[in-house]
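Engineer: Here it is, the structure, as structure tokens.
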Amino acid sequence: MATATSQPFVGNRKPKTSRYRVLGEGSSFAINMASIGALLVLWLAATHLGWIKPLFLPKPQTIWFAFNQAMSGDLDSHTLGVHFLWSMYRVFSAFVLAVVIGIPIGIAMGVSRIARGIFDPPIEFYRPLPPLAYLPLMIIWFGIGESAKIILLFLSILAPVVLAARAGVRSISQEQIQAARSMGASTSQVIQHVILPGAMPEILVGLRIGMGVGWTTLVAAEMVAADAGLGKMVFNASNFLRTDVVILGILAIGLVAYAFELIMRWLEYWAVPWKGRV
């Protein structure tokens, strides 16, 4: 007599895990919109009913007025578009450098003990350090121009990218590598067709973490030594107690970071479609 667990799926029956996964993905957008709507309602209620003083939390229409001022250049010598473009240039220049340099270093550390012995000590030494701790050193070495800020951002993004690539390589089973070698694959072919695809999920996670650290460092670096940028705009507004402009800058930074996160999620879905599938 066959047991219930031994019976195969028949007809149109679907595994429960697949149904739950589809329902979870389909309802996430509605939950996101509901969460954002609840925050906006709470913001409107707190500001219009006088729960919080305007100095600490302005009304949404005040933020909109500040946005129009920033777009027309009435706040300072630069428009909001100029601040935005400078911040994008700095952070994405550093991000590209971290990707081009960090991923090969991480892969090398995962496959070679020599590379791991060379790169592991300096990366593990500076990784826990707050980027602002060596920002004065960057200014002393490279001046107050763009080089110091881009190098500072590069260093802050580099460590998560390297460690993620190394962890991705170490997660690949030796059986996969040996199977490729037994079929006559060279070292470069093993890296290209086995190691890199297998490490890609961890690499993408490292890129997302690195960009988050880069954004945090960008704002701090622009507050200290910059003529334009979202961080500089926020810093100037704080000196004049323009809370509306400060919140405007925070919203702009958060929206850009969230947009990058969505892009990385799409890239992850496209590059590693097998991740998280049941």
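Chain identifiers are assigned as A, B, and so on, following the order in which chains appear in the structure tokens; residues are numbered from 1 within each chain, and ligands are numbered from 1 in order of appearance.
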Set the distance at 12 Å and use only C-alpha atoms: which residues neighbour Val169 of chain A once local chain neighbours fewer than 5 positions away are removed? I'd like the list as a PDB file with C-alpha atoms, in the first residue's frame.
Structural biologist:
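Output file selection-v1.pdb is given in full below:
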ATOM      1  CA  ILE A 103      36.290  41.567  -8.133  1.00  0.00           C
ATOM      2  CA  PRO A 104      39.567  40.251  -9.647  1.00  0.00           C
ATOM      3  CA  ILE A 105      41.308  40.674  -6.286  1.00  0.00           C
ATOM      4  CA  GLY A 106      38.526  38.810  -4.498  1.00  0.00           C
ATOM      5  CA  ILE A 107      38.592  35.977  -7.017  1.00  0.00           C
ATOM      6  CA  ALA A 108      42.372  35.777  -6.777  1.00  0.00           C
ATOM      7  CA  MET A 109      42.141  35.616  -2.976  1.00  0.00           C
ATOM      8  CA  GLY A 110      39.628  32.786  -3.273  1.00  0.00           C
ATOM      9  CA  VAL A 111      41.721  30.627  -5.594  1.00  0.00           C
ATOM     10  CA  SER A 112      45.280  31.461  -4.526  1.00  0.00           C
ATOM     11  CA  VAL A 162      36.576  42.037  -2.420  1.00  0.00           C
ATOM     12  CA  LEU A 163      35.255  40.064   0.546  1.00  0.00           C
ATOM     13  CA  ALA A 164      32.037  39.178  -1.270  1.00  0.00           C
ATOM     14  CA  GLN A 174      35.685  21.445  -5.346  1.00  0.00           C
ATOM     15  CA  GLN A 176      32.588  21.387  -9.755  1.00  0.00           C
ATOM     16  CA  ILE A 177      36.119  22.652 -10.297  1.00  0.00           C
ATOM     17  CA  VAL A 190      37.520  27.323 -14.978  1.00  0.00           C
ATOM     18  CA  ILE A 191      37.452  30.883 -13.631  1.00  0.00           C
ATOM     19  CA  GLN A 192      35.282  32.136 -16.500  1.00  0.00           C
ATOM     20  CA  VAL A 194      32.698  27.813 -13.197  1.00  0.00           C
ATOM     21  CA  ILE A 195      34.072  30.156 -10.552  1.00  0.00           C
ATOM     22  CA  LEU A 196      32.699  33.487 -11.783  1.00  0.00           C
ATOM     23  CA  PRO A 197      29.109  32.281 -12.390  1.00  0.00           C
ATOM     24  CA  GLY A 198      29.107  30.405  -9.095  1.00  0.00           C
ATOM     25  CA  ALA A 199      30.375  33.425  -7.164  1.00  0.00           C
ATOM     26  CA  MET A 200      28.065  35.904  -8.897  1.00  0.00           C
ATOM     27  CA  PRO A 201      25.271  35.863  -6.262  1.00  0.00           C
ATOM     28  CA  GLU A 202      27.698  36.815  -3.480  1.00  0.00           C
ATOM     29  CA  ILE A 203      29.412  39.370  -5.732  1.00  0.00           C
TER      30      ILE A 203
END
Engineer: For the structure I just gave you, how does DSSP split segment 80-189 of chain A - specifically, which residues are alpha helix (DSSP H)? Reply as JSON, numbers by chain.
Structural biologist: {"A": [80, 81, 82, 83, 84, 85, 86, 87, 88, 89, 90, 91, 92, 93, 94, 95, 96, 97, 98, 99, 100, 101, 102, 103, 104, 105, 106, 107, 108, 109, 110, 111, 113, 114, 115, 116, 117, 118, 119, 120, 121, 122, 123, 124, 125, 126, 135, 136, 137, 138, 139, 140, 141, 142, 146, 147, 148, 149, 150, 151, 152, 153, 154, 155, 156, 157, 158, 159, 160, 161, 162, 163, 164, 165, 166, 167, 168, 169, 170, 174, 175, 176, 177, 178, 179, 180, 181, 182, 187, 188, 189]}
Engineer: Which polymer residues have any atom within 7 Å of an atom of Ala220 of chain A, counting only C-alpha atoms, with same-chain residues fewer than 4 positions away left out, as a list of chain:residue names?
Structural biologist: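 Everything that qualifies: A:Thr216, A:Val224, A:Gly231.
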Engineer: Can I get the selection written as a short mmCIF file (atom, residue, chain, number, x, y, z; two decimals), in the first residue's frame, with N, CA and C atoms?
Structural biologist:
data_model
loop_
_atom_site.label_atom_id
_atom_site.label_comp_id
_atom_site.auth_asym_id
_atom_site.auth_seq_id
_atom_site.Cartn_x
_atom_site.Cartn_y
_atom_site.Cartn_z
N THR A 216 27.02 56.56 2.02
CA THR A 216 27.25 57.13 3.36
C THR A 216 28.53 57.94 3.39
N VAL A 224 32.76 67.82 4.11
CA VAL A 224 34.06 68.31 4.56
C VAL A 224 34.78 69.08 3.46
N GLY A 231 25.60 66.18 -0.45
CA GLY A 231 26.09 66.31 0.91
C GLY A 231 26.44 67.75 1.26
#
Engineer: Distance atom CA of Leu42 of chain A-atom CA of Leu230 of chain A, one decimal place?
Structural biologist: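 About the pair atom CA of Leu42 of chain A and atom CA of Leu230 of chain A: they are 26.2 Å apart.
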Engineer: Using only C-alpha atoms, what table do you get, as a Markdown table, when you list each residue of segment 121-158 of chain A with an atom no more than 12 Å from segment 66-86 of chain A, its nearest pair of atoms, and their distance in Å rounded to one decimal, rows by chain then rising number?
Structural biologist:
| residue | atom | partner | partner_atom | distance |
| --- | --- | --- | --- | --- |
| A:Glu146 | CA | A:Trp86 | CA | 9.9 |
| A:Lys149 | CA | A:Trp86 | CA | 11.3 |
| A:Ile150 | CA | A:Trp86 | CA | 11.3 |
Engineer: Any idea what the distance is between atom CA of Phe154 of chain A and atom CA of Ser188 of chain A?
Structural biologist: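 Interatomic distance here is 27.0 Å.
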Engineer: Find the residues around Pro54 of chain A up to 12 Å (only C-alpha atoms counted), leave out those fewer than 5 positions away in its own chain, and share them as a list of chain:residue names.
Structural biologist: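 The neighbour list is A:Trp43, A:Leu44, A:Ala46, A:Thr47, A:His48, A:Leu49, A:Lys59, A:Pro60, A:Gln61, A:Thr62, A:Ile63, A:Leu241, A:Arg242, A:Thr243, A:Asp244, A:Ile247.
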Engineer: Would you export the selected residues with N, CA and C atoms as a compact mmCIF listing (two decimals), in the first residue's frame, please?
Structural biologist:
# COMPACT_ATOMS: atom_id res chain seq x y z
N TRP A 43 3.13 61.60 8.54
CA TRP A 43 3.85 62.87 8.38
C TRP A 43 2.86 64.04 8.31
N LEU A 44 1.84 63.91 7.50
CA LEU A 44 0.83 64.97 7.37
C LEU A 44 0.14 65.23 8.70
N ALA A 46 1.27 64.60 11.78
CA ALA A 46 2.18 65.15 12.78
C ALA A 46 2.47 66.62 12.54
N THR A 47 2.55 67.04 11.26
CA THR A 47 2.88 68.43 10.98
C THR A 47 1.66 69.34 11.03
N HIS A 48 0.50 68.89 10.55
CA HIS A 48 -0.69 69.74 10.52
C HIS A 48 -1.37 69.84 11.88
N LEU A 49 -1.24 68.83 12.71
CA LEU A 49 -1.85 68.86 14.04
C LEU A 49 -0.92 69.44 15.10
N LYS A 59 6.34 70.73 6.99
CA LYS A 59 5.23 70.14 6.26
C LYS A 59 5.68 69.69 4.86
N PRO A 60 5.00 68.72 4.27
CA PRO A 60 5.37 68.27 2.92
C PRO A 60 5.36 69.38 1.88
N GLN A 61 4.41 70.32 1.98
CA GLN A 61 4.39 71.42 1.01
C GLN A 61 5.59 72.34 1.16
N THR A 62 6.14 72.42 2.39
CA THR A 62 7.37 73.19 2.59
C THR A 62 8.54 72.53 1.89
N ILE A 63 8.58 71.21 1.91
CA ILE A 63 9.64 70.48 1.20
C ILE A 63 9.51 70.71 -0.30
N LEU A 241 19.86 76.33 9.56
CA LEU A 241 18.68 75.71 10.16
C LEU A 241 17.54 75.55 9.15
N ARG A 242 17.90 75.28 7.88
CA ARG A 242 16.89 75.02 6.85
C ARG A 242 16.57 73.52 6.86
N THR A 243 15.72 73.14 7.81
CA THR A 243 15.36 71.73 7.94
C THR A 243 14.70 71.20 6.68
N ASP A 244 13.95 72.05 5.98
CA ASP A 244 13.28 71.61 4.76
C ASP A 244 14.27 71.21 3.69
N ILE A 247 15.93 67.87 4.74
CA ILE A 247 15.07 66.71 4.43
C ILE A 247 15.00 66.48 2.93
Engineer: With only C-alpha atoms as the atoms that count, which of A:Val256, A:Ala38, A:Val205, A:Met223 lies nearest to Val272 of chain A?
Structural biologist: A:Val205
Engineer: For Thr217 of chain A, which of A:Ser87, A:Ser186, A:Asn239, A:Ser173 is the closest residue, counting only C-alpha atoms?
Structural biologist: A:Ser87
